[in-house]
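Take a look at the structure below.
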Amino acid sequence: MIKIIKNVKVYQPQYMGVKDILIVGDKIGGIDDGISANFENGVEVSIIDGSGKLAVPGFIDSHVHILGGGGEGGFKTRTPEIKLTDLTTAGITTVVGCLGTDGVTRNMMSLLAKARGLEEEGITTFIYTGSYRIPVTTITGGVMEDLMAIDKIIGVGEIAISDHRSSQPTLEEFSRVAADARVGGMLAGKAGILDIHLGDGPKMIDLILKTVEETEIPITQFLPTHINRSSHLFEAGIEFARKGGCIDMTGTDDPEFLDPDEIRVGKGMKRLLMEGISEDNFTLSSDAQGSLPIFNEKKEYIGIGVGTAACLWNEIRDCIQKEEIPFEIAIKAITSNPARMLKLRNKGRLEPGYDADLCLLKEDTLDIDTVIAKGRVMVKDGKPVVFGTFEN
Ligand code: ZN
């Protein structure tokens, strides 16, 4: 029930100093100097030594194909489902699942079931309703209904635009979905965010900008992702962020699947900061289990890879170690920023009353050492905890 992490450098994301963190059940009970707990009535207190470690909020990954995705090269190229330990060993304690190109053989009911399964295993999960396509394929028959009736649904996505795989939505179709997401989100007390997949088409983010221009829907209703896909798209993303929008970069682990023109996350983040973009206006997601199909210039399929959840922290670590971006700023992209954009209550910060989701990193290497999700130790010494064998 009660855990105390002793003498750890706490990043809220802001640096608080060397403190003790009290965890009571699934919540952070306090962060202070010299916390001690003396119970005479048999309440067990476990002490975790935090010396030589940094405590950061558990990571939030806002775009993962938890059910698998792909299929762009035929059925044999469908990608596999994610496992709990793929996420926990990557420090991810909150994940938002989405479908992708295939919204036919992969459907919302299976996505919801997969999200529930991961939640039962100990992390926090949400999903977006829909797939690449408009009309949006929902559970209840409508975007507003899904947002209002199903707790796990916090937005719509990933809707594809500017991509040869998209449903080529018109401005009217796209604005209608955005309107439903906005109003449904308001009524349900959720973000109602539209997670927008951007392809490499020349129209880039035009459809989002036109919607913002011609309707009353604010720019903050949209979270365009894969913004670092190409240098042109990234430039458009900078303008989008300048207008107050939030942009999402996609991490990658395998340089083989990096488009020649793709912007690495570290370089991208550095550029955004240099351009004066607010450190609150960008996020990073892994696109894990998504397919990384390679098409030639005629849009013919030539090969495929699979995204990994591990890239999320690897990219942020590169931002810190290689690009020398301040630690407190870099970690916001996978903690407090997505929590705010997606309106995830009690997530993304280390503060009393917040969920006890946190990672302990080794100070010298920034390797993930311990991961705690809702007060439960999921990863210890960098290895997944086998429940029933270790104390947790
Ligand atoms: Zn995508």
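Chain labels run A, B, ... following the order of the structure tokens; each chain numbers its residues from 1, and ligands are numbered from 1 in the order shown.
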Residues of segment 359-381 of chain A that have any atom at most 8 Å from an atom of segment 98-122 of chain A: could you tabulate them with the shortest-distance atom pair and the distance in Å to one decimal, using only C-alpha atoms, ordered by chain and increasing number, as CSV?
residue,atom,partner,partner_atom,distance
A:Ala373,CA,A:Gly122,CA,6.5
A:Lys374,CA,A:Gly122,CA,7.1
A:Arg376,CA,A:Gly122,CA,7.5
Shell of 8 Å around Ile320 of chain A, only C-alpha atoms, local chain residues under 6 positions omitted, as a PyMOL selection string: chain A and resi 326-327+330
Save out the residues we just selected, C-alpha atoms, as a PDB file, in the first residue's frame.
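Wrote result_26.pdb, looks like this:
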ATOM      1  CA  PRO A 326      17.419  21.106 -21.080  1.00  0.00           C
ATOM      2  CA  PHE A 327      16.108  17.958 -19.366  1.00  0.00           C
ATOM      3  CA  ALA A 330      12.616  17.751 -23.282  1.00  0.00           C
TER       4      ALA A 330
END
Considering only C-alpha atoms and all ligand atoms, tabulate each residue of chain A that lies at most 10 Å from ligand 1 along with its nearest interatomic pair and the corresponding distance in Å to one decimal; arrange the rows by chain and ascending residue number and present them as CSV.
residue,atom,partner,partner_atom_place_in_ligand_line,distance
A:His63,CA,ligand 1,1 (Zn),8.3
A:Val64,CA,ligand 1,1 (Zn),9.3
A:His65,CA,ligand 1,1 (Zn),9.1
A:Gly69,CA,ligand 1,1 (Zn),9.8
A:Cys98,CA,ligand 1,1 (Zn),9.3
A:Leu99,CA,ligand 1,1 (Zn),9.1
A:Gly100,CA,ligand 1,1 (Zn),6.5
A:Thr101,CA,ligand 1,1 (Zn),8.0
A:Ser131,CA,ligand 1,1 (Zn),9.6
A:Tyr132,CA,ligand 1,1 (Zn),8.1
A:Gly157,CA,ligand 1,1 (Zn),9.1
A:Glu158,CA,ligand 1,1 (Zn),6.4
A:Ile159,CA,ligand 1,1 (Zn),8.2
A:Ala160,CA,ligand 1,1 (Zn),7.1
A:Ile161,CA,ligand 1,1 (Zn),9.7
A:Asp163,CA,ligand 1,1 (Zn),9.8
A:Asp195,CA,ligand 1,1 (Zn),9.1
A:Ile196,CA,ligand 1,1 (Zn),7.7
A:His197,CA,ligand 1,1 (Zn),4.5
A:Leu198,CA,ligand 1,1 (Zn),6.8
A:Gly199,CA,ligand 1,1 (Zn),7.8
A:Pro224,CA,ligand 1,1 (Zn),9.6
A:Thr225,CA,ligand 1,1 (Zn),7.1
A:His226,CA,ligand 1,1 (Zn),6.7
A:Thr250,CA,ligand 1,1 (Zn),9.0
A:Asp287,CA,ligand 1,1 (Zn),7.0
A:Gly290,CA,ligand 1,1 (Zn),7.5
A:Ser291,CA,ligand 1,1 (Zn),8.7
A:Leu292,CA,ligand 1,1 (Zn),9.3
Quick one: DSSP helix (DSSP H, G or I) residues in segment 66-297 of chain A, as a compact mmCIF listing (two decimals) with C-alpha atoms, in the first residue's frame?
# COMPACT_ATOMS: atom_id res chain seq x y z
CA PHE A 75 -2.48 -9.44 -45.22
CA LYS A 76 0.96 -10.83 -44.48
CA THR A 77 2.12 -7.31 -43.62
CA LEU A 84 2.25 -4.74 -21.76
CA THR A 85 6.01 -5.07 -21.28
CA ASP A 86 6.76 -3.36 -24.63
CA LEU A 87 5.19 -0.29 -23.04
CA THR A 88 6.30 -0.57 -19.42
CA MET A 108 -13.30 -0.34 -32.51
CA MET A 109 -14.66 -3.14 -30.32
CA SER A 110 -11.35 -5.03 -30.50
CA LEU A 111 -9.46 -1.80 -29.87
CA LEU A 112 -11.58 -1.11 -26.78
CA ALA A 113 -11.07 -4.67 -25.55
CA LYS A 114 -7.30 -4.42 -26.03
CA ALA A 115 -7.24 -1.11 -24.13
CA ARG A 116 -9.24 -2.65 -21.30
CA GLY A 117 -6.85 -5.60 -21.19
CA LEU A 118 -3.82 -3.34 -20.82
CA GLU A 119 -5.63 -1.37 -18.11
CA GLU A 120 -6.34 -4.59 -16.21
CA VAL A 143 -18.58 10.47 -32.78
CA MET A 144 -20.48 12.47 -30.14
CA GLU A 145 -22.19 9.34 -28.85
CA ASP A 146 -18.87 7.48 -28.58
CA LEU A 147 -17.27 10.36 -26.66
CA MET A 148 -20.20 10.66 -24.30
CA ALA A 149 -20.98 6.98 -23.75
CA LEU A 171 -13.53 20.38 -46.15
CA GLU A 172 -17.20 19.90 -45.29
CA GLU A 173 -16.73 16.28 -44.21
CA PHE A 174 -13.64 17.10 -42.21
CA SER A 175 -15.21 20.11 -40.44
CA ARG A 176 -18.26 18.07 -39.48
CA VAL A 177 -16.12 15.45 -37.76
CA ALA A 178 -14.15 18.20 -35.99
CA ALA A 179 -17.40 19.80 -34.83
CA ASP A 180 -18.74 16.52 -33.48
CA ALA A 181 -15.45 15.83 -31.70
CA ARG A 182 -15.43 19.29 -30.15
CA VAL A 183 -19.02 19.28 -28.91
CA GLY A 184 -18.95 15.62 -27.87
CA GLY A 185 -15.75 16.29 -25.97
CA MET A 186 -17.22 19.33 -24.22
CA LEU A 187 -20.34 17.48 -23.16
CA ALA A 188 -18.31 14.53 -21.87
CA ASP A 206 -4.09 22.86 -45.44
CA LEU A 207 -7.31 21.05 -44.54
CA ILE A 208 -6.82 21.75 -40.82
CA LEU A 209 -5.93 25.39 -41.43
CA LYS A 210 -8.97 25.88 -43.69
CA THR A 211 -11.24 24.34 -41.07
CA VAL A 212 -9.86 26.72 -38.44
CA GLU A 213 -10.28 29.64 -40.85
CA GLU A 214 -13.79 28.90 -42.03
CA ILE A 219 -6.72 25.27 -33.59
CA THR A 220 -6.23 23.49 -30.25
CA GLN A 221 -8.87 20.91 -31.24
CA SER A 231 11.33 19.20 -43.97
CA HIS A 232 8.44 20.87 -45.84
CA LEU A 233 5.86 19.48 -43.49
CA PHE A 234 7.96 20.49 -40.51
CA GLU A 235 8.08 24.10 -41.74
CA ALA A 236 4.27 24.05 -42.01
CA GLY A 237 4.20 22.62 -38.47
CA ILE A 238 6.26 25.51 -37.15
CA GLU A 239 3.69 27.95 -38.58
CA PHE A 240 0.89 25.86 -37.07
CA ALA A 241 2.54 26.02 -33.64
CA ARG A 242 3.11 29.75 -34.05
CA PRO A 255 17.36 4.77 -39.23
CA GLU A 256 16.68 2.33 -42.09
CA PHE A 257 13.05 3.44 -42.05
CA VAL A 265 13.16 14.44 -33.15
CA GLY A 266 16.19 15.99 -31.42
CA LYS A 267 16.94 18.28 -34.34
CA GLY A 268 13.25 19.11 -34.68
CA MET A 269 12.81 20.00 -31.03
CA LYS A 270 15.90 22.15 -31.10
CA ARG A 271 14.60 23.99 -34.15
CA LEU A 272 11.19 24.59 -32.54
CA LEU A 273 12.83 26.12 -29.49
CA MET A 274 15.12 28.24 -31.65
Rank A:Thr308, A:Thr370, A:Ser62, A:Ser230 by their smallest atom-to-atom distance to Thr283 of chain A, using only C-alpha atoms, and report the top residue only. A:Ser62
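Take atom CA of Lys362 of chain A and atom CA of Gly52 of chain A: the distance between them is 6.4 Å.
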I'd like the contact shell of Ile329 of chain A - 9 Å cut-off, only C-alpha atoms, skipping same-chain residues fewer than 2 positions apart - returned as a PyMOL selection string. chain A and resi 13-14+279-280+325-327+331-333
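Here atom CA of Asp367 of chain A stands at a distance of 25.1 Å from atom CA of Gly30 of chain A.
With distances restricted to only C-alpha atoms, A:Gly71 is the closest residue to Ile304 of chain A from A:Pro57, A:Gly71, A:Gly25, A:Pro202.
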Tell me, in Å to one decimal, how far atom CA of Tyr301 of chain A is from atom CA of Arg229 of chain A. 17.6 Å
Shell around Ile127 of chain A at 6 Å using only C-alpha atoms, local window under 2 positions removed, as an MDAnalysis selection string: chainID A and resid 96:98 152:153
Suppose we keep N, CA and C atoms; can you now write the selection as a compact mmCIF listing (two decimals), in the first residue's frame?
# COMPACT_ATOMS: atom_id res chain seq x y z
N VAL A 96 -2.46 5.96 -25.52
CA VAL A 96 -3.69 6.16 -26.28
C VAL A 96 -3.61 5.28 -27.53
N GLY A 97 -4.56 4.37 -27.66
CA GLY A 97 -4.56 3.42 -28.77
C GLY A 97 -5.36 3.94 -29.94
N CYS A 98 -4.93 3.55 -31.13
CA CYS A 98 -5.70 3.95 -32.32
C CYS A 98 -5.63 2.85 -33.36
N LYS A 152 -13.37 5.35 -22.22
CA LYS A 152 -12.02 5.28 -22.77
C LYS A 152 -11.82 6.12 -24.02
N ILE A 153 -12.89 6.50 -24.67
CA ILE A 153 -12.75 7.27 -25.91
C ILE A 153 -12.60 8.76 -25.59
I want to know what sits within 6 Å of Val24 of chain A, based on only C-alpha atoms, with residues of the same chain fewer than 4 positions away left out; could you give that as a CSV table (one decimal) with N, CA and C atoms, in the first residue's frame?
chain,number,residue,atom,x,y,z
A,1,MET,N,0.8,-1.2,0.0
A,1,MET,CA,0.0,0.0,0.0
A,1,MET,C,0.9,1.3,0.0
A,2,ILE,N,1.9,1.2,0.9
A,2,ILE,CA,2.7,2.5,1.0
A,2,ILE,C,4.1,2.3,0.6
A,29,GLY,N,1.2,10.6,-2.5
A,29,GLY,CA,0.7,11.2,-1.2
A,29,GLY,C,1.5,12.5,-0.8
